[in-house]
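Visitor: Input structure: input-v9.cif, which contains mmCIF, C-alpha atoms.
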```cif
data_entry
#
loop_
_atom_site.group_PDB
_atom_site.id
_atom_site.type_symbol
_atom_site.label_atom_id
_atom_site.label_comp_id
_atom_site.auth_asym_id
_atom_site.auth_seq_id
_atom_site.Cartn_x
_atom_site.Cartn_y
_atom_site.Cartn_z
ATOM 1 C CA MET F 1 -2.612 5.672 5.705
ATOM 2 C CA PRO F 2 -6.043 4.703 7.139
ATOM 3 C CA ARG F 3 -7.130 1.066 7.139
ATOM 4 C CA GLN F 4 -8.222 0.035 3.684
ATOM 5 C CA PRO F 5 -10.191 -2.910 2.264
ATOM 6 C CA ILE F 6 -7.897 -5.806 1.371
ATOM 7 C CA ALA F 7 -7.965 -7.990 -1.731
ATOM 8 C CA ILE F 8 -5.308 -10.576 -2.555
ATOM 9 C CA PRO F 9 -4.828 -12.146 -6.001
ATOM 10 C CA TYR F 10 -5.809 -15.807 -6.116
ATOM 11 C CA ALA F 11 -2.648 -16.545 -8.097
ATOM 12 C CA LEU F 12 -0.509 -15.192 -5.243
ATOM 13 C CA ARG F 13 -2.417 -17.315 -2.751
ATOM 14 C CA GLU F 14 -1.836 -20.430 -4.829
ATOM 15 C CA THR F 15 1.815 -19.606 -5.505
ATOM 16 C CA LEU F 16 2.581 -19.002 -1.838
ATOM 17 C CA GLN F 17 0.861 -22.161 -0.650
ATOM 18 C CA ARG F 18 2.518 -24.274 -3.336
ATOM 19 C CA GLY F 19 5.852 -22.608 -2.662
ATOM 20 C CA LEU F 20 5.751 -23.562 1.006
ATOM 21 C CA THR F 21 5.579 -27.190 -0.090
ATOM 22 C CA HIS F 22 8.268 -27.176 -2.743
ATOM 23 C CA TYR F 23 10.780 -24.539 -1.606
ATOM 24 C CA LYS F 24 12.895 -23.992 1.472
ATOM 25 C CA ILE F 25 12.775 -20.195 1.018
ATOM 26 C CA ILE F 26 10.296 -17.799 -0.542
ATOM 27 C CA PHE F 27 11.816 -14.373 -1.196
ATOM 28 C CA LEU F 28 9.194 -11.672 -1.785
ATOM 29 C CA SER F 29 10.597 -8.317 -2.858
ATOM 30 C CA ALA F 30 8.773 -5.109 -3.810
ATOM 31 C CA GLY F 31 8.864 -1.432 -2.963
ATOM 32 C CA THR F 32 6.705 0.343 -0.434
ATOM 33 C CA GLY F 33 2.990 0.394 -1.161
ATOM 34 C CA TRP F 34 2.752 -3.087 -2.673
ATOM 35 C CA GLY F 35 1.184 -4.694 0.394
ATOM 36 C CA LYS F 36 3.867 -7.324 0.945
ATOM 37 C CA THR F 37 3.434 -7.674 4.692
ATOM 38 C CA THR F 38 -0.347 -7.384 4.575
ATOM 39 C CA ALA F 39 -0.669 -10.093 1.924
ATOM 40 C CA VAL F 40 1.691 -12.524 3.645
ATOM 41 C CA ASN F 41 0.103 -12.000 7.057
ATOM 42 C CA ARG F 42 -3.373 -12.579 5.641
ATOM 43 C CA LEU F 43 -2.393 -15.657 3.643
ATOM 44 C CA LEU F 44 -0.424 -17.259 6.472
ATOM 45 C CA GLU F 45 -2.656 -16.267 9.388
ATOM 46 C CA LYS F 46 -3.704 -19.900 9.960
ATOM 47 C CA GLN F 47 -0.208 -21.325 9.540
ATOM 48 C CA ASN F 48 0.994 -20.627 13.094
ATOM 49 C CA ALA F 49 4.099 -18.942 11.697
ATOM 50 C CA ALA F 50 6.840 -17.282 13.727
ATOM 51 C CA CYS F 51 6.902 -13.691 12.438
ATOM 52 C CA LEU F 52 9.694 -11.213 13.074
ATOM 53 C CA SER F 53 10.370 -7.735 11.712
ATOM 54 C CA LEU F 54 14.100 -7.094 11.412
ATOM 55 C CA ARG F 55 13.369 -3.382 11.629
ATOM 56 C CA LYS F 56 12.051 -3.870 15.156
ATOM 57 C CA LYS F 57 14.086 -6.798 16.494
ATOM 58 C CA SER F 58 17.447 -8.394 15.837
ATOM 59 C CA LEU F 59 17.831 -11.830 14.306
ATOM 60 C CA PRO F 60 17.808 -14.621 16.928
ATOM 61 C CA SER F 61 20.663 -17.096 16.991
ATOM 62 C CA TYR F 62 18.404 -19.957 15.874
ATOM 63 C CA PHE F 63 14.816 -21.069 15.297
ATOM 64 C CA SER F 64 14.174 -24.324 17.073
ATOM 65 C CA LYS F 65 10.684 -25.796 16.580
ATOM 66 C CA GLU F 66 8.926 -23.342 14.280
ATOM 67 C CA ARG F 67 7.906 -24.944 10.991
ATOM 68 C CA LEU F 68 7.404 -21.614 9.228
ATOM 69 C CA ILE F 69 9.488 -18.489 9.831
ATOM 70 C CA VAL F 70 8.507 -15.118 8.346
ATOM 71 C CA LEU F 71 11.209 -12.436 8.390
ATOM 72 C CA ASP F 72 9.824 -9.039 7.425
ATOM 73 C CA ASP F 73 11.952 -5.989 6.517
ATOM 74 C CA PHE F 74 14.667 -8.417 5.460
ATOM 75 C CA GLN F 75 16.566 -5.546 3.817
ATOM 76 C CA GLU F 76 17.365 -4.388 7.366
ATOM 77 C CA LEU F 77 19.525 -7.447 8.071
ATOM 78 C CA PRO F 78 22.996 -6.003 8.832
ATOM 79 C CA SER F 79 25.781 -7.244 6.586
ATOM 80 C CA GLN F 80 27.709 -8.461 9.631
ATOM 81 C CA VAL F 81 24.775 -10.735 10.521
ATOM 82 C CA GLU F 82 24.492 -12.343 7.083
ATOM 83 C CA GLN F 83 26.897 -15.119 8.030
ATOM 84 C CA GLN F 84 24.779 -15.879 11.088
ATOM 85 C CA PHE F 85 21.661 -16.130 8.919
ATOM 86 C CA GLN F 86 23.442 -18.453 6.524
ATOM 87 C CA GLU F 87 24.264 -20.695 9.469
ATOM 88 C CA ILE F 88 20.616 -20.638 10.558
ATOM 89 C CA LEU F 89 19.596 -21.775 7.086
ATOM 90 C CA ARG F 90 22.290 -24.438 6.928
ATOM 91 C CA LYS F 91 21.387 -25.901 10.333
ATOM 92 C CA SER F 92 17.615 -25.536 9.992
ATOM 93 C CA GLN F 93 15.471 -28.637 10.124
ATOM 94 C CA ARG F 94 14.408 -30.266 6.887
ATOM 95 C CA GLY F 95 10.758 -29.293 7.382
ATOM 96 C CA GLN F 96 11.418 -25.632 8.202
ATOM 97 C CA HIS F 97 10.489 -23.013 5.621
ATOM 98 C CA PHE F 98 11.374 -19.319 5.457
ATOM 99 C CA VAL F 99 9.418 -16.435 3.943
ATOM 100 C CA LEU F 100 11.650 -13.376 3.518
ATOM 101 C CA ILE F 101 9.903 -10.049 2.838
ATOM 102 C CA SER F 102 12.161 -7.317 1.490
ATOM 103 C CA ARG F 103 12.309 -4.004 -0.335
ATOM 104 C CA GLY F 104 15.705 -4.873 -1.775
ATOM 105 C CA PRO F 105 16.984 -7.385 -4.349
ATOM 106 C CA LEU F 106 17.923 -10.981 -3.587
ATOM 107 C CA PRO F 107 21.236 -10.980 -1.688
ATOM 108 C CA GLU F 108 24.072 -12.666 -3.544
ATOM 109 C CA TYR F 109 24.595 -15.273 -0.828
ATOM 110 C CA LEU F 110 21.034 -16.547 -1.371
ATOM 111 C CA SER F 111 21.491 -16.977 -5.121
ATOM 112 C CA LEU F 112 22.799 -20.501 -4.615
ATOM 113 C CA TYR F 113 19.489 -21.528 -3.066
ATOM 114 C CA GLU F 114 17.663 -20.206 -6.120
ATOM 115 C CA ALA F 115 20.085 -21.937 -8.486
ATOM 116 C CA THR F 116 19.552 -25.278 -6.734
ATOM 117 C CA GLY F 117 15.769 -24.960 -6.743
ATOM 118 C CA ALA F 118 15.411 -24.312 -3.005
ATOM 119 C CA LEU F 119 14.332 -20.657 -3.297
ATOM 120 C CA LEU F 120 11.350 -19.095 -5.063
ATOM 121 C CA GLN F 121 11.669 -15.404 -5.871
ATOM 122 C CA LEU F 122 8.536 -13.236 -6.210
ATOM 123 C CA GLY F 123 8.276 -9.549 -7.147
ATOM 124 C CA ASP F 124 5.665 -6.819 -7.367
ATOM 125 C CA ASP F 125 4.060 -8.547 -10.361
ATOM 126 C CA ALA F 126 2.859 -11.250 -7.956
ATOM 127 C CA LEU F 127 1.326 -8.593 -5.679
ATOM 128 C CA ALA F 128 -0.343 -6.514 -8.400
ATOM 129 C CA LEU F 129 -4.118 -6.538 -8.022
ATOM 130 C CA ASP F 130 -5.926 -8.268 -10.883
ATOM 131 C CA MET F 131 -9.369 -7.504 -12.303
ATOM 132 C CA GLU F 132 -11.112 -9.721 -9.752
ATOM 133 C CA CYS F 133 -9.374 -7.988 -6.841
ATOM 134 C CA LEU F 134 -10.211 -4.579 -8.242
ATOM 135 C CA SER F 135 -13.852 -5.564 -8.611
ATOM 136 C CA GLN F 136 -13.916 -6.609 -4.938
ATOM 137 C CA LEU F 137 -12.444 -3.302 -3.799
ATOM 138 C CA ILE F 138 -14.776 -1.288 -6.036
ATOM 139 C CA GLN F 139 -17.769 -3.103 -4.586
ATOM 140 C CA ALA F 140 -16.464 -2.573 -1.040
ATOM 141 C CA ARG F 141 -16.462 1.179 -1.752
ATOM 142 C CA GLY F 142 -20.031 1.078 -3.014
ATOM 143 C CA LEU F 143 -18.952 2.073 -6.525
ATOM 144 C CA THR F 144 -20.084 0.773 -9.921
ATOM 145 C CA PHE F 145 -17.503 0.450 -12.701
ATOM 146 C CA SER F 146 -17.730 -0.812 -16.244
ATOM 147 C CA THR F 147 -15.235 -3.419 -17.399
ATOM 148 C CA GLU F 148 -13.440 -0.660 -19.303
ATOM 149 C CA ASP F 149 -13.163 1.481 -16.162
ATOM 150 C CA ILE F 150 -11.801 -1.446 -14.140
ATOM 151 C CA GLN F 151 -9.157 -2.019 -16.806
ATOM 152 C CA ARG F 152 -8.329 1.687 -16.773
ATOM 153 C CA LEU F 153 -7.992 1.571 -12.985
ATOM 154 C CA ARG F 154 -5.485 -1.232 -13.312
ATOM 155 C CA ASP F 155 -3.590 0.495 -16.118
ATOM 156 C CA GLU F 156 -3.321 3.792 -14.231
ATOM 157 C CA THR F 157 -2.206 2.227 -10.919
ATOM 158 C CA GLY F 158 -0.283 -0.798 -12.155
ATOM 159 C CA GLY F 159 -2.339 -2.790 -9.673
ATOM 160 C CA CYS F 160 -0.345 -1.313 -6.778
ATOM 161 C CA PRO F 161 -2.616 -1.764 -3.713
ATOM 162 C CA VAL F 162 -1.918 1.609 -2.089
ATOM 163 C CA ALA F 163 -2.339 3.487 -5.381
ATOM 164 C CA VAL F 164 -5.587 1.625 -6.047
ATOM 165 C CA ASN F 165 -6.986 2.467 -2.620
ATOM 166 C CA ILE F 166 -5.969 6.119 -2.899
ATOM 167 C CA LEU F 167 -7.763 6.473 -6.231
ATOM 168 C CA LEU F 168 -10.860 4.562 -5.111
ATOM 169 C CA LEU F 169 -11.067 6.696 -1.971
ATOM 170 C CA MET F 170 -11.066 9.817 -4.130
ATOM 171 C CA LEU F 171 -13.688 8.378 -6.489
ATOM 172 C CA SER F 172 -15.928 7.288 -3.620
ATOM 173 C CA ALA F 173 -15.776 10.879 -2.335
ATOM 174 C CA GLY F 174 -17.364 11.997 -5.587
ATOM 175 C CA GLN F 175 -14.357 13.015 -7.666
ATOM 176 C CA PRO F 176 -14.637 12.137 -11.379
ATOM 177 C CA PHE F 177 -12.546 9.392 -12.965
ATOM 178 C CA ARG F 178 -10.533 11.649 -15.235
ATOM 179 C CA GLN F 179 -6.916 12.631 -15.804
ATOM 180 C CA SER F 180 -6.834 15.408 -13.210
ATOM 181 C CA THR F 181 -7.926 12.961 -10.499
ATOM 182 C CA ILE F 182 -5.358 10.417 -11.649
ATOM 183 C CA ASP F 183 -2.649 13.087 -11.462
ATOM 184 C CA VAL F 184 -3.646 13.891 -7.870
ATOM 185 C CA MET F 185 -3.513 10.173 -7.034
ATOM 186 C CA ARG F 186 0.017 9.954 -8.416
ATOM 187 C CA GLY F 187 1.052 12.932 -6.310
ATOM 188 C CA LYS F 188 -0.442 11.342 -3.191
ATOM 189 C CA MET F 189 1.289 8.078 -3.989
ATOM 190 C CA GLY F 190 4.601 9.873 -4.400
ATOM 191 C CA ALA F 191 4.094 11.603 -1.063
ATOM 192 C CA TYR F 192 3.318 8.240 0.543
ATOM 193 C CA ILE F 193 6.537 6.717 -0.833
ATOM 194 C CA ASN F 194 8.523 9.695 0.388
ATOM 195 C CA GLU F 195 6.984 9.483 3.855
ATOM 196 C CA THR F 196 7.526 5.757 4.263
ATOM 197 C CA THR F 197 10.903 5.432 2.553
ATOM 198 C CA LEU F 198 12.744 8.572 1.489
ATOM 199 C CA ARG F 199 12.513 10.524 4.745
ATOM 200 C CA LEU F 200 14.008 7.579 6.640
ATOM 201 C CA LEU F 201 17.266 7.907 4.703
ATOM 202 C CA ALA F 202 20.282 9.882 5.812
ATOM 203 C CA PRO F 203 20.508 13.477 4.474
ATOM 204 C CA LYS F 204 23.366 12.541 2.142
ATOM 205 C CA ALA F 205 21.314 9.769 0.556
ATOM 206 C CA GLN F 206 18.268 12.027 0.207
ATOM 207 C CA LYS F 207 20.378 14.681 -1.508
ATOM 208 C CA LEU F 208 21.839 12.134 -3.929
ATOM 209 C CA LEU F 209 18.411 10.806 -4.920
ATOM 210 C CA THR F 210 17.075 14.347 -5.296
ATOM 211 C CA GLU F 211 19.821 15.188 -7.779
ATOM 212 C CA LEU F 212 19.421 11.917 -9.687
ATOM 213 C CA SER F 213 15.631 12.175 -9.842
ATOM 214 C CA LEU F 214 15.996 14.562 -12.779
ATOM 215 C CA PHE F 215 17.021 11.570 -14.899
ATOM 216 C CA GLY F 216 14.925 8.560 -15.837
ATOM 217 C CA GLU F 217 18.026 6.417 -15.537
ATOM 218 C CA PHE F 218 21.674 6.988 -14.734
ATOM 219 C CA ASP F 219 25.017 5.266 -14.416
ATOM 220 C CA GLN F 220 27.783 5.498 -11.860
ATOM 221 C CA THR F 221 29.741 8.031 -13.916
ATOM 222 C CA LEU F 222 26.801 10.452 -14.020
ATOM 223 C CA ALA F 223 26.222 10.044 -10.289
ATOM 224 C CA GLU F 224 29.865 10.820 -9.540
ATOM 225 C CA MET F 225 29.869 13.829 -11.882
ATOM 226 C CA LEU F 226 26.793 15.311 -10.210
ATOM 227 C CA THR F 227 28.077 14.860 -6.685
ATOM 228 C CA GLY F 228 31.855 14.892 -7.035
ATOM 229 C CA ASP F 229 31.839 12.174 -4.388
ATOM 230 C CA ALA F 230 33.993 9.066 -4.785
ATOM 231 C CA SER F 231 31.886 7.201 -2.225
ATOM 232 C CA VAL F 232 28.777 7.308 -4.440
ATOM 233 C CA PRO F 233 29.102 3.696 -5.722
ATOM 234 C CA ALA F 234 28.957 2.301 -2.202
ATOM 235 C CA LEU F 235 26.036 4.574 -1.336
ATOM 236 C CA LEU F 236 24.077 3.482 -4.415
ATOM 237 C CA GLU F 237 24.600 -0.176 -3.539
ATOM 238 C CA SER F 238 23.446 0.507 0.000
ATOM 239 C CA LEU F 239 20.317 2.284 -1.260
ATOM 240 C CA GLU F 240 19.504 -0.557 -3.622
ATOM 241 C CA ARG F 241 19.870 -3.078 -0.825
ATOM 242 C CA SER F 242 17.940 -1.269 1.862
ATOM 243 C CA GLY F 243 15.675 1.380 0.366
ATOM 244 C CA GLY F 244 13.906 -0.250 -2.542
ATOM 245 C CA LEU F 245 13.893 3.052 -4.445
ATOM 246 C CA ILE F 246 16.492 2.203 -7.081
ATOM 247 C CA ARG F 247 17.552 -0.972 -8.858
ATOM 248 C CA ARG F 248 20.569 -1.730 -11.005
ATOM 249 C CA GLU F 249 20.350 -3.473 -14.355
ATOM 250 C CA GLY F 250 23.889 -4.034 -15.586
ATOM 251 C CA ASP F 251 25.624 -0.638 -15.532
ATOM 252 C CA VAL F 252 22.379 1.348 -15.439
ATOM 253 C CA TRP F 253 20.417 2.404 -12.361
ATOM 254 C CA ARG F 254 16.690 3.159 -12.442
ATOM 255 C CA PHE F 255 14.137 4.414 -9.954
ATOM 256 C CA THR F 256 11.697 1.637 -9.113
ATOM 257 C CA ASP F 257 8.753 4.050 -9.075
ATOM 258 C CA GLN F 258 8.689 7.210 -11.169
ATOM 259 C CA ARG F 259 5.944 8.665 -8.952
ATOM 260 C CA VAL F 260 8.447 9.480 -6.220
ATOM 261 C CA LEU F 261 8.363 13.219 -5.554
ATOM 262 C CA LEU F 262 11.872 14.288 -4.642
#
```
Any chance you could put this one into structure tokens?
Guide:
Amino acid sequence: MPRQPIAIPYALRETLQRGLTHYKIIFLSAGTGWGKTTAVNRLLEKQNAACLSLRKKSLPSYFSKERLIVLDDFQELPSQVEQQFQEILRKSQRGQHFVLISRGPLPEYLSLYEATGALLQLGDDALALDMECLSQLIQARGLTFSTEDIQRLRDETGGCPVAVNILLLMLSAGQPFRQSTIDVMRGKMGAYINETTLRLLAPKAQKLLTELSLFGEFDQTLAEMLTGDASVPALLESLERSGGLIRREGDVWRFTDQRVLL
């Protein structure tokens, strides 16, 4: 995607700054397209933070003097390294704070920190662009919207930054704000999710998601019936942890974004 104008909700700014005072860990989780890394980098650019992407580099054995540590792509932390990370947290200095950016859910071993009030968990609702942010982006594109159109923009995109920018780019090119344009935006957004997430998966995982995409939701039994594969439960758990495309709620699995084109 080309560089796009950036707008960050004031509430997220306030929550992140307050969280760094009151919590040891801030865990920010959302799927691709929600601007997690962009927002955190912008909000913490004056904090002199130590930033590391676990997709690009392995976890160091310790962090010595850094007051603020940002670990991006946290879903890429190998399971065999989780114990090492727990030790880093346990031995970290009192004034050290961690911001963990992930596509996956909160790992079970971090639940204790949340239960004891040491971890703040944020999701895509914290990243969703509000009316003020949308107004800023509309103005940056040289467009004029009524209040009703701004609300419609938010309703149609869910405030997802990439979806918003795709639609505004189309509107600034002269396309009308009508259903056919919105449908094209959703197709482009689905293609973006596929490019940044789905194509990175192993062929077996892609095939499984393709078959399950016919259903709005599914359970383990349905997944096993479709594939005839006894290893499906482990694969689903792996996809939830690392891909950010599906989430489990009890015994039911759901796609996190229905715009995915499989």
Visitor: Select, from F:Gln96, F:Gln75, F:Ser102, F:Gln4, the residue with the minimum atom-to-atom distance to Val162 of chain F, counting all atoms listed in the file.
Guide: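 Of the candidates, the smallest distance to Val162 of chain F is held by F:Gln4.
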Visitor: If you apply the PyMOL selection byres ((chain F and resi 128) around 8) to this file, what residues do you get, as an NGL selection string?
Guide: :F and (9 or 34 or 124-127 or 129-130 or 158-161)
Visitor: Expand the PyMOL selection byres ((chain F and resi 56) around 12) into the individual residues it matches in the shown file, reporting them as a ChimeraX atom specification.
Guide: /F:51-55,57-59,71-74,76-77
Visitor: For Ile69 of chain F, which of F:Arg178, F:His97, F:Arg247, F:Lys207 is the closest residue, counting all atoms listed in the file?
Guide: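 Smallest distance to Ile69 of chain F is found for F:His97.
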Visitor: I would like the residues chosen by the PyMOL selection byres ((chain F and resi 5) around 9) on the shown file; could you give them as a list of chain:residue names?
Guide: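 Applying the PyMOL selection byres ((chain F and resi 5) around 9) to the structure shown produces F:Arg3, F:Gln4, F:Ile6, F:Ala7, F:Gln136, F:Leu137, F:Ala140, F:Arg141, F:Asn165.
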Visitor: Can you work out the spacing between atom CA of Leu200 of chain F and atom CA of Lys188 of chain F in Å, to one decimal?
Guide: 17.9 Å
Visitor: Val70 of chain F: which residues within 8 Å, counting all atoms listed in the file, same-chain residues fewer than 2 positions away excluded, as a list in words?
Guide: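 Counting only the stated atoms, we get Ala49, Ala50, Cys51, Leu52, Leu68, Asp72, Phe98, Val99, Leu100 and Ile101 of chain F.
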Visitor: Identify, on the basis of all atoms listed in the file, every residue whose closest approach to Thr256 of chain F does not exceed 8 Å; exclude the query and any residue fewer than 2 positions from it along the same chain; express the result as an mmCIF file with C-alpha atoms, in the coordinates of the input.
Guide:
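Now in around-v4.cif:
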```
data_model
loop_
_atom_site.group_PDB
_atom_site.id
_atom_site.type_symbol
_atom_site.label_atom_id
_atom_site.label_comp_id
_atom_site.auth_asym_id
_atom_site.auth_seq_id
_atom_site.Cartn_x
_atom_site.Cartn_y
_atom_site.Cartn_z
ATOM 1 C CA GLY F 31 8.864 -1.432 -2.963
ATOM 2 C CA GLY F 244 13.906 -0.250 -2.542
ATOM 3 C CA LEU F 245 13.893 3.052 -4.445
ATOM 4 C CA ILE F 246 16.492 2.203 -7.081
ATOM 5 C CA ARG F 247 17.552 -0.972 -8.858
ATOM 6 C CA ARG F 254 16.690 3.159 -12.442
ATOM 7 C CA GLN F 258 8.689 7.210 -11.169
#
```
Visitor: Using only C-alpha atoms, pick whichever of F:Leu44, F:Gly95, F:Ala11, F:Leu119 has the shortest atom-to-atom distance to Tyr23 of chain F.
Guide: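 Nearest candidate to Tyr23 of chain F out of F:Leu44, F:Gly95, F:Ala11, F:Leu119: F:Leu119.
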Visitor: From the options F:Met185, F:Gln17, F:Arg154, F:Ile138, which residue's atoms come nearest to Leu167 of chain F, counting only C-alpha atoms?
Guide: F:Met185
Visitor: Report the distance between atom CA of Leu171 of chain F and atom CA of Leu153 of chain F in Å, rounded to one decimal place.
Guide: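 That distance, rounded to one decimal, is 11.0 Å.
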Visitor: Which one of F:Ile166, F:Leu112, F:Leu134, F:Leu208 sits closest to Ile182 of chain F if you count all atoms listed in the file?
Guide: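 Answer, going by the shortest atom-to-atom distance: F:Ile166.
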Visitor: Point out the residue among F:Glu14, F:Arg186, F:Gly35, F:Ala205 with the least atom-to-atom distance to Asp229 of chain F, counting all atoms listed in the file.
Guide: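 Of F:Glu14, F:Arg186, F:Gly35, F:Ala205, the one nearest Asp229 of chain F, counting all atoms listed in the file, is F:Ala205.
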Visitor: Please measure the separation of atom CA of Met189 of chain F and atom CA of Val40 of chain F, giving the value in Å to one decimal.
Guide: 22.0 Å
Visitor: Give me the residues near Leu212 of chain F as a list in words, where near means some atom within 10 Å (using all atoms listed in the file) and where sequence neighbours in that chain fewer than 4 positions away do not count.
Guide: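 Listing them by chain and then by number gives Gln206, Lys207, Leu208, Gly216, Glu217, Phe218, Asp219, Leu222, Ala223, Leu226, Thr227, Trp253, Arg254, Phe255 and Leu262 of chain F.
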Visitor: Once you add 3 Å to each side, what are the centre and edge lengths of the axis-aligned box holding all listed atoms of segment 116-119 of chain F? One decimal in Å, as lines of an AutoDock Vina configuration file, if you can.
Guide:
```
center_x = 16.9
center_y = -23.0
center_z = -4.9
size_x = 11.2
size_y = 10.6
size_z = 9.7
```
Visitor: What's the 9 Å shell around Glu237 of chain F, counting only C-alpha atoms, without same-chain residues fewer than 5 positions away, as an mmCIF file with C-alpha atoms, keeping the file's coordinate frame?
Guide:
```cif
data_model
loop_
_atom_site.group_PDB
_atom_site.id
_atom_site.type_symbol
_atom_site.label_atom_id
_atom_site.label_comp_id
_atom_site.auth_asym_id
_atom_site.auth_seq_id
_atom_site.Cartn_x
_atom_site.Cartn_y
_atom_site.Cartn_z
ATOM 1 C CA VAL F 232 28.777 7.308 -4.440
ATOM 2 C CA SER F 242 17.940 -1.269 1.862
ATOM 3 C CA ARG F 247 17.552 -0.972 -8.858
ATOM 4 C CA ARG F 248 20.569 -1.730 -11.005
#
```
Visitor: I'd like the neighbourhood of Asp149 of chain F as a ChimeraX atom specification, where a residue qualifies if any of its atoms comes within 12 Å (using all atoms listed in the file), though same-chain residues fewer than 2 positions away should be ignored.
Guide: /F:131,134-135,138,143-147,151-156,168,171,176-178
Visitor: Output C-alpha atoms for every residue in the selection just made, as a PDB file, in the frame of the given file.
Guide:
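Saved file out07.pdb follows:
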```
ATOM      1  CA  MET F 131      -9.369  -7.504 -12.303  1.00  0.00           C
ATOM      2  CA  LEU F 134     -10.211  -4.579  -8.242  1.00  0.00           C
ATOM      3  CA  SER F 135     -13.852  -5.564  -8.611  1.00  0.00           C
ATOM      4  CA  ILE F 138     -14.776  -1.288  -6.036  1.00  0.00           C
ATOM      5  CA  LEU F 143     -18.952   2.073  -6.525  1.00  0.00           C
ATOM      6  CA  THR F 144     -20.084   0.773  -9.921  1.00  0.00           C
ATOM      7  CA  PHE F 145     -17.503   0.450 -12.701  1.00  0.00           C
ATOM      8  CA  SER F 146     -17.730  -0.812 -16.244  1.00  0.00           C
ATOM      9  CA  THR F 147     -15.235  -3.419 -17.399  1.00  0.00           C
ATOM     10  CA  GLN F 151      -9.157  -2.019 -16.806  1.00  0.00           C
ATOM     11  CA  ARG F 152      -8.329   1.687 -16.773  1.00  0.00           C
ATOM     12  CA  LEU F 153      -7.992   1.571 -12.985  1.00  0.00           C
ATOM     13  CA  ARG F 154      -5.485  -1.232 -13.312  1.00  0.00           C
ATOM     14  CA  ASP F 155      -3.590   0.495 -16.118  1.00  0.00           C
ATOM     15  CA  GLU F 156      -3.321   3.792 -14.231  1.00  0.00           C
ATOM     16  CA  LEU F 168     -10.860   4.562  -5.111  1.00  0.00           C
ATOM     17  CA  LEU F 171     -13.688   8.378  -6.489  1.00  0.00           C
ATOM     18  CA  PRO F 176     -14.637  12.137 -11.379  1.00  0.00           C
ATOM     19  CA  PHE F 177     -12.546   9.392 -12.965  1.00  0.00           C
ATOM     20  CA  ARG F 178     -10.533  11.649 -15.235  1.00  0.00           C
TER      21      ARG F 178
END
```
